[in-house]
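Q: Sharing protein.txt here; it has compact mmCIF, C-alpha atoms.
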```
# COMPACT_ATOMS: atom_id res chain seq x y z
CA MET A 1 0.00 0.00 0.00
CA THR A 2 1.38 3.37 -0.93
CA SER A 3 1.05 6.51 1.16
CA ALA A 4 -1.46 7.90 -1.35
CA GLU A 5 -3.79 5.01 -0.57
CA THR A 6 -3.53 5.27 3.21
CA ASP A 7 -6.62 6.60 4.97
CA TYR A 8 -4.91 8.48 7.80
CA ALA A 9 -8.22 9.68 9.23
CA ALA A 10 -9.32 6.07 9.66
CA LEU A 11 -5.97 5.14 11.22
CA PHE A 12 -6.24 8.04 13.68
CA ALA A 13 -9.76 7.02 14.65
CA ALA A 14 -8.78 3.36 15.13
CA THR A 15 -5.53 3.91 17.07
CA PRO A 16 -5.92 2.23 20.47
CA SER A 17 -4.08 5.00 22.36
CA PRO A 18 -6.19 8.04 23.32
CA TYR A 19 -5.29 11.12 21.23
CA LEU A 20 -6.34 14.76 21.06
CA VAL A 21 -5.25 17.19 18.35
CA LEU A 22 -4.84 20.77 19.59
CA GLY A 23 -4.31 24.02 17.72
CA PRO A 24 -1.56 26.43 18.82
CA ASP A 25 -4.26 28.17 20.88
CA LEU A 26 -4.81 24.81 22.70
CA VAL A 27 -8.31 24.47 21.28
CA ILE A 28 -9.30 20.86 20.52
CA THR A 29 -9.53 20.27 16.76
CA ASP A 30 -9.81 16.47 16.65
CA VAL A 31 -10.23 13.49 18.97
CA ASN A 32 -10.04 9.76 18.32
CA ASP A 33 -12.34 6.97 19.47
CA ALA A 34 -9.94 5.76 22.17
CA TYR A 35 -9.95 9.19 23.85
CA GLU A 36 -13.76 9.27 23.83
CA GLU A 37 -13.79 5.81 25.41
CA ALA A 38 -11.17 6.73 28.04
CA THR A 39 -12.94 9.90 29.18
CA GLY A 40 -16.58 9.18 28.43
CA TYR A 41 -16.84 12.40 26.43
CA GLY A 42 -17.87 12.49 22.77
CA ARG A 43 -16.65 14.68 19.95
CA ALA A 44 -19.54 17.09 20.43
CA ASP A 45 -18.40 17.67 24.03
CA LEU A 46 -14.75 18.34 23.09
CA LEU A 47 -14.28 19.79 19.60
CA GLY A 48 -13.79 23.53 19.37
CA ARG A 49 -13.21 23.98 23.10
CA TYR A 50 -10.12 25.16 24.98
CA VAL A 51 -8.69 21.95 26.42
CA PHE A 52 -8.72 23.18 30.04
CA ASP A 53 -12.34 24.34 29.69
CA ALA A 54 -13.41 21.02 28.19
CA LEU A 55 -11.58 19.04 30.90
CA PRO A 56 -11.11 21.28 33.95
CA GLU A 57 -9.13 20.09 36.95
CA ASN A 58 -10.88 19.02 40.15
CA PRO A 59 -11.43 22.27 42.12
CA VAL A 60 -11.74 20.33 45.38
CA GLN A 61 -8.28 18.79 45.04
CA PRO A 62 -6.20 21.29 43.04
CA TYR A 63 -3.05 20.18 44.82
CA THR A 64 -2.66 17.36 42.33
CA GLY A 65 -1.24 19.93 39.90
CA GLY A 66 -2.10 17.93 36.78
CA ALA A 67 -3.52 20.86 34.82
CA ALA A 68 -0.58 23.14 35.66
CA ALA A 69 1.92 20.43 34.65
CA LEU A 70 0.10 19.79 31.37
CA LYS A 71 -0.09 23.52 30.58
CA ALA A 72 3.67 23.86 31.24
CA SER A 73 4.37 20.90 28.93
CA LEU A 74 2.22 22.33 26.13
CA ASP A 75 3.91 25.73 26.50
CA ARG A 76 7.31 24.02 26.19
CA VAL A 77 6.20 22.31 22.99
CA LEU A 78 4.94 25.57 21.49
CA SER A 79 8.13 27.48 22.35
CA SER A 80 10.75 24.78 21.63
CA ARG A 81 8.92 22.98 18.78
CA CYS A 82 10.12 19.70 20.35
CA ARG A 83 8.24 16.73 21.78
CA ASP A 84 7.71 16.74 25.55
CA THR A 85 7.19 13.57 27.60
CA MET A 86 5.60 14.02 31.01
CA ALA A 87 5.95 11.96 34.16
CA VAL A 88 2.78 10.15 35.26
CA GLN A 89 0.34 12.82 36.47
CA ARG A 90 -2.82 12.78 38.51
CA TYR A 91 -5.43 14.80 36.60
CA ASP A 92 -9.00 14.19 37.76
CA ILE A 93 -11.69 14.80 35.13
CA PRO A 94 -15.41 15.64 35.43
CA ALA A 95 -17.59 12.55 35.51
CA CYS A 96 -19.68 12.51 32.33
CA GLY A 97 -23.33 13.23 33.09
CA ARG A 98 -22.73 13.96 36.81
CA PRO A 99 -22.21 17.70 37.29
CA GLY A 100 -19.80 18.61 40.10
CA VAL A 101 -18.46 15.05 40.39
CA PHE A 102 -14.84 14.32 39.47
CA GLU A 103 -13.21 10.95 38.87
CA GLU A 104 -9.67 10.28 40.03
CA ARG A 105 -7.50 9.72 36.98
CA TRP A 106 -3.79 9.11 36.41
CA TRP A 107 -2.31 9.74 32.98
CA SER A 108 0.92 9.08 31.10
CA MET A 109 1.08 11.96 28.61
CA VAL A 110 3.22 12.88 25.60
CA ASN A 111 2.83 16.11 23.60
CA THR A 112 4.23 16.26 20.07
CA PRO A 113 4.35 19.32 17.76
CA VAL A 114 3.34 19.23 14.10
CA LEU A 115 5.22 21.97 12.24
CA ALA A 116 3.88 24.17 9.46
CA PRO A 117 6.03 24.83 6.34
CA ASP A 118 7.32 28.05 7.93
CA GLY A 119 8.54 26.16 11.00
CA SER A 120 5.82 27.33 13.39
CA VAL A 121 3.72 24.88 15.42
CA ALA A 122 0.51 24.21 13.47
CA ARG A 123 -0.87 21.44 15.72
CA VAL A 124 -0.02 19.61 18.93
CA ILE A 125 -0.75 15.90 19.15
CA HIS A 126 -1.60 15.03 22.77
CA ARG A 127 -1.42 11.35 23.70
CA ALA A 128 -2.88 10.48 27.13
CA GLU A 129 -2.67 6.87 28.29
CA ASP A 130 -5.01 6.26 31.23
CA VAL A 131 -2.99 4.37 33.89
CA THR A 132 -5.51 4.80 36.71
CA ALA A 133 -6.14 1.06 36.99
CA PHE A 134 -2.41 0.41 37.41
CA MET A 135 -2.03 3.06 40.10
CA SER A 136 -5.09 1.81 41.98
CA SER A 137 -3.83 -1.75 41.81
CA ARG A 138 -0.47 -0.65 43.19
CA ARG A 139 -2.12 1.06 46.15
CA ARG A 140 -4.31 -1.97 46.93
CA ARG A 141 -1.34 -4.29 46.67
CA SER A 142 1.28 -2.29 48.55
CA GLY A 143 -0.43 0.44 50.50
CA PRO A 144 1.52 3.65 51.06
CA PRO A 145 5.24 3.39 50.40
CA PRO A 146 7.58 2.98 53.40
CA ARG A 147 8.83 6.08 55.19
CA PRO A 148 11.87 7.56 53.40
CA GLY A 149 15.15 7.26 55.21
CA PRO A 150 18.18 9.60 55.16
CA GLY A 151 18.77 11.18 51.74
CA GLY A 152 15.26 10.36 50.51
CA ALA A 153 15.81 6.60 50.09
CA PRO A 154 13.46 4.15 51.85
CA GLU A 155 14.69 2.64 55.07
CA PRO A 156 16.00 -0.84 54.36
CA GLY A 157 13.66 -3.70 55.10
CA PRO A 158 14.33 -7.26 56.10
CA GLU A 159 15.95 -9.82 53.93
CA PRO A 160 14.33 -10.81 50.60
CA GLY A 161 11.59 -13.44 50.86
CA ARG A 162 10.14 -12.40 54.24
CA ARG A 163 6.37 -11.76 53.97
CA LEU A 164 4.21 -9.49 56.06
CA GLY A 165 1.36 -11.96 56.38
CA PRO A 166 -2.04 -12.41 54.74
CA GLY A 167 -3.74 -9.38 53.25
CA ALA A 168 -7.38 -8.64 52.60
CA GLY A 169 -9.37 -11.59 51.25
CA GLY A 170 -6.75 -14.03 52.39
CA GLN A 171 -4.31 -13.02 49.68
CA ALA A 172 -0.63 -12.92 50.59
CA ASP A 173 0.83 -9.40 50.81
CA PRO A 174 4.01 -8.56 48.91
CA THR A 175 7.24 -9.31 50.67
CA GLU A 176 8.68 -6.47 52.71
CA TRP A 177 11.68 -6.48 50.36
CA GLU A 178 9.38 -6.02 47.36
CA GLN A 179 7.70 -3.09 49.08
CA VAL A 180 11.08 -1.51 49.81
CA MET A 181 12.25 -1.94 46.21
CA GLU A 182 9.00 -0.56 44.81
CA ALA A 183 9.17 2.44 47.11
CA GLU A 184 12.79 3.07 46.17
CA LEU A 185 11.91 3.00 42.49
CA TYR A 186 9.15 5.51 43.19
CA VAL A 187 11.55 7.82 45.05
CA ARG A 188 14.14 7.51 42.26
CA ALA A 189 11.52 8.30 39.62
CA ARG A 190 10.49 11.44 41.48
CA GLU A 191 14.14 12.46 41.78
CA LEU A 192 14.64 11.95 38.05
CA GLN A 193 11.57 14.07 37.41
CA ARG A 194 13.02 16.85 39.58
CA LEU A 195 16.39 16.66 37.80
CA ASN A 196 14.66 16.67 34.42
CA GLU A 197 12.86 19.87 35.36
CA GLN A 198 16.15 21.46 36.43
CA LEU A 199 17.70 20.48 33.08
CA ARG A 200 14.76 22.03 31.24
CA LYS A 201 15.24 25.30 33.12
CA ALA A 202 18.99 25.25 32.47
CA HIS A 203 18.39 24.62 28.77
CA ALA A 204 15.91 27.51 28.68
CA ARG A 205 18.53 29.82 30.21
CA GLU A 206 21.17 28.63 27.72
CA ARG A 207 18.78 29.19 24.84
CA GLU A 208 18.03 32.71 26.06
CA VAL A 209 21.76 33.46 26.18
CA ALA A 210 22.16 31.95 22.71
CA LEU A 211 19.40 34.14 21.28
CA VAL A 212 21.05 37.27 22.70
CA LEU A 213 24.38 36.12 21.27
CA GLN A 214 22.82 35.48 17.87
CA ASN A 215 21.18 38.90 17.75
CA SER A 216 24.41 40.67 18.71
CA MET A 217 26.55 38.72 16.23
CA LEU A 218 24.17 39.15 13.30
CA HIS A 219 23.27 42.78 13.97
CA ALA A 220 23.44 44.76 10.71
CA PRO A 221 22.66 48.44 11.41
CA ASP A 222 22.12 49.27 7.73
CA LEU A 223 19.59 46.47 7.19
CA GLY A 224 16.69 48.50 8.55
CA ARG A 225 17.00 50.95 5.65
CA HIS A 226 16.33 48.20 3.09
CA PRO A 227 12.71 46.96 3.07
CA ASP A 228 13.53 45.19 -0.20
CA VAL A 229 16.00 42.85 1.57
CA ALA A 230 14.99 39.65 3.40
CA VAL A 231 17.29 37.62 5.66
CA ARG A 232 16.64 34.24 7.25
CA TYR A 233 18.78 32.43 9.84
CA LEU A 234 18.06 28.76 10.64
CA PRO A 235 20.52 26.97 12.96
CA ALA A 236 20.72 23.21 12.80
CA VAL A 237 18.43 21.28 15.10
CA GLY A 238 19.90 21.06 18.61
CA SER A 239 22.39 23.91 18.14
CA LEU A 240 20.90 26.33 20.72
CA ASN A 241 19.95 28.79 17.94
CA VAL A 242 23.54 29.76 17.19
CA CYS A 243 25.67 28.48 14.36
CA GLY A 244 28.61 29.14 12.05
CA ASP A 245 26.61 30.64 9.16
CA TRP A 246 26.19 34.38 8.78
CA TYR A 247 24.80 37.15 6.61
CA ASP A 248 25.70 40.84 6.43
CA LEU A 249 24.65 44.04 4.67
CA ALA A 250 26.55 47.35 4.57
CA ASP A 251 25.82 50.63 2.81
CA LEU A 252 28.85 51.98 0.92
CA PRO A 253 29.54 55.41 -0.61
CA GLY A 254 28.33 56.09 -4.14
CA ASP A 255 24.89 54.39 -4.00
CA ARG A 256 26.44 50.98 -3.45
CA THR A 257 25.33 48.23 -1.07
CA ALA A 258 27.48 45.27 -0.01
CA VAL A 259 25.88 41.94 0.89
CA ALA A 260 27.56 38.76 2.04
CA VAL A 261 26.93 35.30 3.43
CA GLY A 262 29.47 32.90 4.91
CA ASP A 263 29.84 29.51 6.52
CA VAL A 264 32.19 28.24 9.23
CA VAL A 265 32.67 24.48 9.57
CA GLY A 266 30.83 23.09 12.61
CA HIS A 267 27.85 24.02 14.77
CA GLY A 268 27.11 25.56 18.14
CA LEU A 269 28.91 28.16 20.22
CA GLU A 270 32.44 27.34 19.02
CA ALA A 271 31.53 27.78 15.36
CA ALA A 272 29.47 30.86 16.24
CA SER A 273 32.43 32.54 17.92
CA VAL A 274 34.59 32.01 14.80
CA MET A 275 31.70 33.21 12.66
CA GLY A 276 31.48 36.42 14.68
CA MET A 277 35.16 37.21 14.13
CA LEU A 278 35.10 36.50 10.38
CA ARG A 279 31.86 38.40 9.82
CA SER A 280 33.20 41.46 11.62
CA ALA A 281 36.48 41.31 9.68
CA LEU A 282 34.73 41.06 6.30
CA SER A 283 32.27 43.81 7.21
CA ALA A 284 35.18 46.11 8.05
CA ALA A 285 37.22 45.12 4.99
CA ILE A 286 34.49 45.83 2.44
CA ARG A 287 34.23 49.37 3.82
CA ALA A 288 37.95 49.99 3.35
CA VAL A 289 38.94 48.31 0.06
CA PRO A 290 37.83 48.85 -3.56
CA GLY A 291 35.82 45.68 -4.10
CA PRO A 292 34.70 42.17 -3.04
CA ALA A 293 37.87 40.37 -4.20
CA GLN A 294 40.12 42.57 -2.09
CA ALA A 295 37.79 42.19 0.90
CA LEU A 296 38.01 38.40 0.65
CA GLU A 297 41.79 38.61 0.33
CA VAL A 298 41.91 40.50 3.63
CA LEU A 299 39.56 37.97 5.20
CA GLY A 300 41.63 35.04 3.96
CA LEU A 301 44.79 36.46 5.52
CA TYR A 302 42.96 37.07 8.79
CA ALA A 303 41.44 33.57 8.79
CA ARG A 304 44.92 32.01 8.95
CA SER A 305 45.36 33.41 12.47
CA VAL A 306 41.92 32.33 13.73
CA GLU A 307 41.65 28.78 15.06
CA GLY A 308 38.72 27.00 13.43
CA ALA A 309 38.48 29.45 10.51
CA LEU A 310 40.33 27.41 7.88
CA ALA A 311 38.06 25.98 5.19
CA ALA A 312 35.39 28.57 5.98
CA THR A 313 33.61 29.87 2.88
CA ALA A 314 32.10 33.25 1.99
CA VAL A 315 30.69 35.17 -0.94
CA GLN A 316 30.71 38.98 -1.12
CA ALA A 317 28.71 41.04 -3.61
CA VAL A 318 28.46 44.79 -4.15
CA ILE A 319 25.32 46.17 -5.79
CA ASP A 320 25.91 49.42 -7.68
CA THR A 321 22.50 51.01 -8.22
CA LYS A 322 23.86 53.76 -10.51
CA THR A 323 25.39 51.41 -13.07
CA ARG A 324 22.99 48.52 -12.27
CA ILE A 325 25.84 46.06 -11.89
CA VAL A 326 26.47 43.32 -9.33
CA ILE A 327 30.19 42.87 -8.59
CA TYR A 328 31.03 39.65 -6.75
CA SER A 329 33.74 37.28 -5.56
CA SER A 330 33.45 33.86 -3.91
CA ALA A 331 35.75 31.96 -1.57
CA GLY A 332 34.64 28.36 -2.04
CA HIS A 333 30.97 29.25 -1.58
CA PRO A 334 27.90 28.09 -3.55
CA PRO A 335 27.11 30.58 -6.33
CA PRO A 336 24.55 33.36 -5.81
CA VAL A 337 21.49 33.34 -8.07
CA LEU A 338 20.37 36.34 -10.11
CA LEU A 339 16.64 35.69 -10.61
CA HIS A 340 14.70 37.50 -13.33
CA PRO A 341 10.97 38.35 -13.12
CA ASP A 342 10.09 35.78 -15.82
CA GLY A 343 11.58 32.98 -13.66
CA SER A 344 14.82 32.57 -15.63
CA HIS A 345 18.07 32.84 -13.73
CA GLU A 346 21.83 33.19 -13.88
CA LEU A 347 24.32 31.55 -11.53
CA LEU A 348 27.08 33.97 -10.51
CA ASP A 349 29.82 31.34 -10.66
CA VAL A 350 32.62 33.00 -12.65
CA ALA A 351 34.66 34.53 -9.81
CA THR A 352 35.03 31.39 -7.71
CA ASP A 353 38.14 30.55 -5.65
CA PRO A 354 39.07 28.01 -2.91
CA PRO A 355 37.83 28.48 0.69
CA LEU A 356 39.56 30.80 3.14
CA GLY A 357 43.04 29.66 4.11
CA ALA A 358 43.08 26.82 1.57
CA ARG A 359 46.18 28.11 -0.27
CA PRO A 360 49.56 27.99 1.52
CA GLU A 361 50.56 31.31 -0.09
CA HIS A 362 48.58 34.46 -0.77
CA VAL A 363 47.14 34.75 -4.30
CA PRO A 364 44.83 37.58 -5.45
CA ARG A 365 41.23 36.45 -5.64
CA PRO A 366 39.11 36.76 -8.80
CA GLN A 367 36.23 39.21 -9.22
CA ALA A 368 33.43 39.41 -11.79
CA SER A 369 30.46 41.63 -12.54
CA ARG A 370 27.02 41.09 -13.99
CA PRO A 371 24.43 43.68 -15.09
CA TYR A 372 20.93 43.47 -13.67
CA ARG A 373 17.53 44.90 -14.55
CA PRO A 374 15.05 46.53 -12.16
CA GLY A 375 12.83 43.78 -10.74
CA ASP A 376 15.58 41.16 -10.62
CA THR A 377 16.33 39.45 -7.30
CA LEU A 378 19.76 38.52 -5.97
CA VAL A 379 19.74 35.41 -3.75
CA LEU A 380 22.71 34.49 -1.52
CA TYR A 381 22.63 31.41 0.72
CA THR A 382 24.75 28.87 2.57
CA ASP A 383 25.15 25.22 1.60
CA GLY A 384 22.65 23.96 4.18
CA LEU A 385 19.89 25.21 1.88
CA ILE A 386 20.84 22.97 -1.03
CA GLU A 387 23.08 20.13 0.14
CA ARG A 388 21.66 16.73 1.04
CA ARG A 389 23.52 13.65 2.23
CA ASP A 390 24.78 11.32 -0.56
CA GLU A 391 23.71 13.80 -3.27
CA ASP A 392 25.76 15.79 -5.78
CA ILE A 393 25.70 19.55 -5.25
CA ASP A 394 24.47 20.08 -8.82
CA VAL A 395 21.28 18.26 -7.87
CA GLY A 396 20.80 20.68 -4.99
CA LEU A 397 21.43 23.68 -7.24
CA ARG A 398 18.82 22.46 -9.72
CA ARG A 399 16.35 21.98 -6.88
CA LEU A 400 17.04 25.55 -5.76
CA THR A 401 16.62 27.12 -9.18
CA ASP A 402 13.49 25.04 -9.88
CA ALA A 403 11.98 26.30 -6.62
CA LEU A 404 12.86 29.90 -7.59
CA ALA A 405 11.39 29.64 -11.08
CA SER A 406 7.92 30.83 -10.04
CA CYS A 407 9.18 33.39 -7.50
CA GLY A 408 10.50 36.00 -9.92
CA ARG A 409 7.76 38.55 -9.22
CA MET A 410 7.59 38.01 -5.46
CA GLY A 411 8.86 40.52 -2.94
CA ALA A 412 11.98 39.56 -1.01
CA GLN A 413 10.15 38.53 2.18
CA GLN A 414 7.62 36.33 0.38
CA LEU A 415 10.34 34.81 -1.78
CA ALA A 416 12.44 33.87 1.26
CA ASP A 417 9.53 32.17 3.04
CA THR A 418 8.33 30.41 -0.11
CA LEU A 419 11.80 29.14 -0.92
CA LEU A 420 12.36 27.68 2.55
CA ALA A 421 8.96 26.00 2.47
CA ARG A 422 9.46 24.50 -1.00
CA LEU A 423 12.86 23.14 -0.07
CA GLY A 424 11.47 21.64 3.14
CA VAL A 425 13.81 23.44 5.54
CA GLY A 426 11.40 25.85 7.26
CA GLY A 427 11.83 24.14 10.62
CA GLY A 428 15.59 23.81 10.57
CA GLY A 429 17.49 20.66 9.66
CA ALA A 430 20.77 18.82 9.99
CA ASP A 431 22.82 21.82 8.78
CA ASP A 432 22.77 25.55 9.44
CA ILE A 433 21.21 27.89 6.89
CA ALA A 434 21.65 31.59 6.19
CA LEU A 435 19.64 33.17 3.37
CA LEU A 436 19.68 36.72 1.98
CA ALA A 437 17.42 37.94 -0.85
CA VAL A 438 17.61 41.42 -2.41
CA ARG A 439 14.95 42.79 -4.75
CA LEU A 440 16.94 44.95 -7.16
```
Turn the structure described in the file into structure tokens.

A:
Amino acid sequence: MTSAETDYAALFAATPSPYLVLGPDLVITDVNDAYEEATGYGRADLLGRYVFDALPENPVQPYTGGAAALKASLDRVLSSRCRDTMAVQRYDIPACGRPGVFEERWWSMVNTPVLAPDGSVARVIHRAEDVTAFMSSRRRRSGPPPRPGPGGAPEPGPEPGRRLGPGAGGQADPTEWEQVMEAELYVRARELQRLNEQLRKAHAREREVALVLQNSMLHAPDLGRHPDVAVRYLPAVGSLNVCGDWYDLADLPGDRTAVAVGDVVGHGLEAASVMGMLRSALSAAIRAVPGPAQALEVLGLYARSVEGALAATAVQAVIDTKTRIVIYSSAGHPPPVLLHPDGSHELLDVATDPPLGARPEHVPRPQASRPYRPGDTLVLYTDGLIERRDEDIDVGLRRLTDALASCGRMGAQQLADTLLARLGVGGGGADDIALLAVRL
């Protein structure tokens, strides 16, 4: 059976695990049969309602904290765009058909984001396995866990095999050793839950620092004066929102504008620190030398003294609005695309040279120019946009130009979003991506 023949609506309805589908506003948009069976509520009771209005927490016993824990998990999913697995939670629900009566319920819950083409969270899939029967059985079998000893661990019991005597109904109670082990597992699970929450908070702090670092490193003061320029920055998944790719824009004397993108090998903070140094050096060089080739020569010399900068790539272009010419030079970087309104294109691949620091001795870098017409769009990008594992780069370039073919009349912002969506990288991927589009 192919995917085109699969009835996913029928599969969702028949899945034995209880599922809700929530919008980013946490309003219920779909529910499967297993969830209706687990809660006693039908689709008419749930669809279109805010999840915490449809299933409010028991007001008599709010100390269980189930609703607050679920809300925190859903907020994490919406902000991080990552799946969140919760520890078993008590979350009592209203008894169907009995107003004011709540049933004790224990749930094992997982919340998973479904991303839109632009990388935002379009839906949240909420799986809630009802484990109330298991928890009740545990209480009947073991009673309350033994009193914790020093350090939170249960006080040791007698040797394995010793039983406490007959329980209710003449059934043998668990051994004291089994009770001790079960209680210890419970204490350890709670400790792991506490540590997991601390790790989440630490990650949130690191991500906040990373966002500040990103904004400071990629700050381009002249960018605000160019509404016809769009930039996009997509770090690889798991890289704390910082990476080794960069973009830059600088206004130059004589109605000229310099644009650049570059790529440092690696991910994360180490690559980002190298990126910050190279970006600053190139931004300064293009303001002080005649053209892109000389700026890349300066950057190549500087890169030799920066650990981690060798094999970095960059492309620099200067747009002269008086002569309507794009002057460019590339240091081992994928070629920019000059897109025309009718969808045709030109690859700016004449002035191409090895990456920074690749030559043992200094050699002047090449430079080329290309005329443009009003309405053209210049697109610069890093290799994460086009490269795929086990695939020739020419295949990626064709995929890029095919995706651009119908974007020739779009504004820069729409073109950038459309391109990322068509190439399937709106939510980030295995490699970093920097993208810069200029409507000329």

Q: In Å, rounded to a single decimal, give me how far atom CA of Ala122 of chain A is from atom CA of Val438 of chain A.

A: 29.0 Å

Q: Please measure the separation of atom CA of Asp251 of chain A and atom CA of Gln294 of chain A, giving the value in Å to one decimal.

A: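 Spanning atom CA of Asp251 of chain A to atom CA of Gln294 of chain A is a straight-line distance of 17.1 Å.
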
Q: Quick one: residues within 9 Å of Val124 of chain A, only C-alpha atoms counted, chain neighbours fewer than 2 positions away excluded, as a PyMOL selection string?

A: chain A and resi 20-24+26+74+77-78+111-115+121-122+126

Q: Could you tell me which of A:Gly375, A:Gly100, A:Gly40, A:Pro366 comes closest to Glu297 of chain A if we count all atoms listed in the file?

A: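 Going through A:Gly375, A:Gly100, A:Gly40, A:Pro366 one by one, the smallest distance to Glu297 of chain A is for A:Pro366.
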
Q: Would you compute the distance between atom CA of Ala250 of chain A and atom CA of Leu347 of chain A? Give it in Å to one decimal.

A: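 So the answer is 22.7 Å.
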
Q: Distance cut-off 10 Å, centre (-16.1, 16.3, 40.8) in file coordinates, counting all atoms listed in the file: which residues qualify? Return them as a list in words.

A: Pro56, Glu57, Asn58, Pro59, Val60, Gln61, Asp92, Ile93, Pro94, Ala95, Cys96, Arg98, Pro99, Gly100, Val101, Phe102, Glu103 and Glu104 of chain A

Q: Hey, what's within 12 Å of Asp222 of chain A if we count all atoms listed in the file and toss same-chain stuff fewer than 4 positions away? As a PyMOL selection string, please?

A: chain A and resi 218+226-227+229+248-252+257-259+283

Q: Store the residues picked out above in a file with C-alpha atoms, as an mmCIF file, in the coordinates of the input.

A:
```cif
data_model
loop_
_atom_site.group_PDB
_atom_site.id
_atom_site.type_symbol
_atom_site.label_atom_id
_atom_site.label_comp_id
_atom_site.auth_asym_id
_atom_site.auth_seq_id
_atom_site.Cartn_x
_atom_site.Cartn_y
_atom_site.Cartn_z
ATOM 1 C CA LEU A 218 24.170 39.150 13.300
ATOM 2 C CA HIS A 226 16.330 48.200 3.090
ATOM 3 C CA PRO A 227 12.710 46.960 3.070
ATOM 4 C CA VAL A 229 16.000 42.850 1.570
ATOM 5 C CA ASP A 248 25.700 40.840 6.430
ATOM 6 C CA LEU A 249 24.650 44.040 4.670
ATOM 7 C CA ALA A 250 26.550 47.350 4.570
ATOM 8 C CA ASP A 251 25.820 50.630 2.810
ATOM 9 C CA LEU A 252 28.850 51.980 0.920
ATOM 10 C CA THR A 257 25.330 48.230 -1.070
ATOM 11 C CA ALA A 258 27.480 45.270 -0.010
ATOM 12 C CA VAL A 259 25.880 41.940 0.890
ATOM 13 C CA SER A 283 32.270 43.810 7.210
#
```

Q: I'd like to know which of A:Pro117, A:Gly42, A:Pro253, A:Gly66 is closest to Gly97 of chain A, using all atoms listed in the file.

A: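 Once distances to Gly97 of chain A are computed over all atoms listed in the file, the minimum belongs to A:Gly42.
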
Q: Counting only C-alpha atoms, which of A:Leu356, A:Glu37, A:Val350, A:Leu339 gets nearest to Asp376 of chain A?

A: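 Smallest separation from Asp376 of chain A among the options: A:Leu339.
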
Q: Show me, as a PyMOL selection string, the residues that have an atom within 12 Å of Arg76 of chain A when counting all atoms listed in the file, minus same-chain residues fewer than 5 positions from it.

A: chain A and resi 24+69-71+81-86+110-113+121+124+197+200-201+203-204

Q: Show me, as number ranges by chain, the residues that have an atom within 10 Å of segment 406-417 of chain A when counting only C-alpha atoms, minus same-chain residues fewer than 6 positions from it.

A: A: 117-118, 227-232, 338-345, 375-379, 426, 435-440

Q: Using all atoms listed in the file, which of the listed residues (A:Ala87, A:Ala281, A:Ile125, A:Leu380) sits closest to Pro18 of chain A?

A: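 That would be A:Ile125, the residue with the smallest distance to Pro18 of chain A.
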
Q: Using only C-alpha atoms, which residue out of A:Val88, A:Ala403, A:Leu299, A:Val306 lies closest to Ala285 of chain A?

A: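 Once distances to Ala285 of chain A are computed over only C-alpha atoms, the minimum belongs to A:Leu299.
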
Q: Ranking A:Ala116, A:Leu282, A:Ala309, A:Ala220 by minimum distance to Gly424 of chain A and counting all atoms listed in the file, which one comes first?

A: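 Using all atoms listed in the file, Gly424 of chain A sits closest to A:Ala116.
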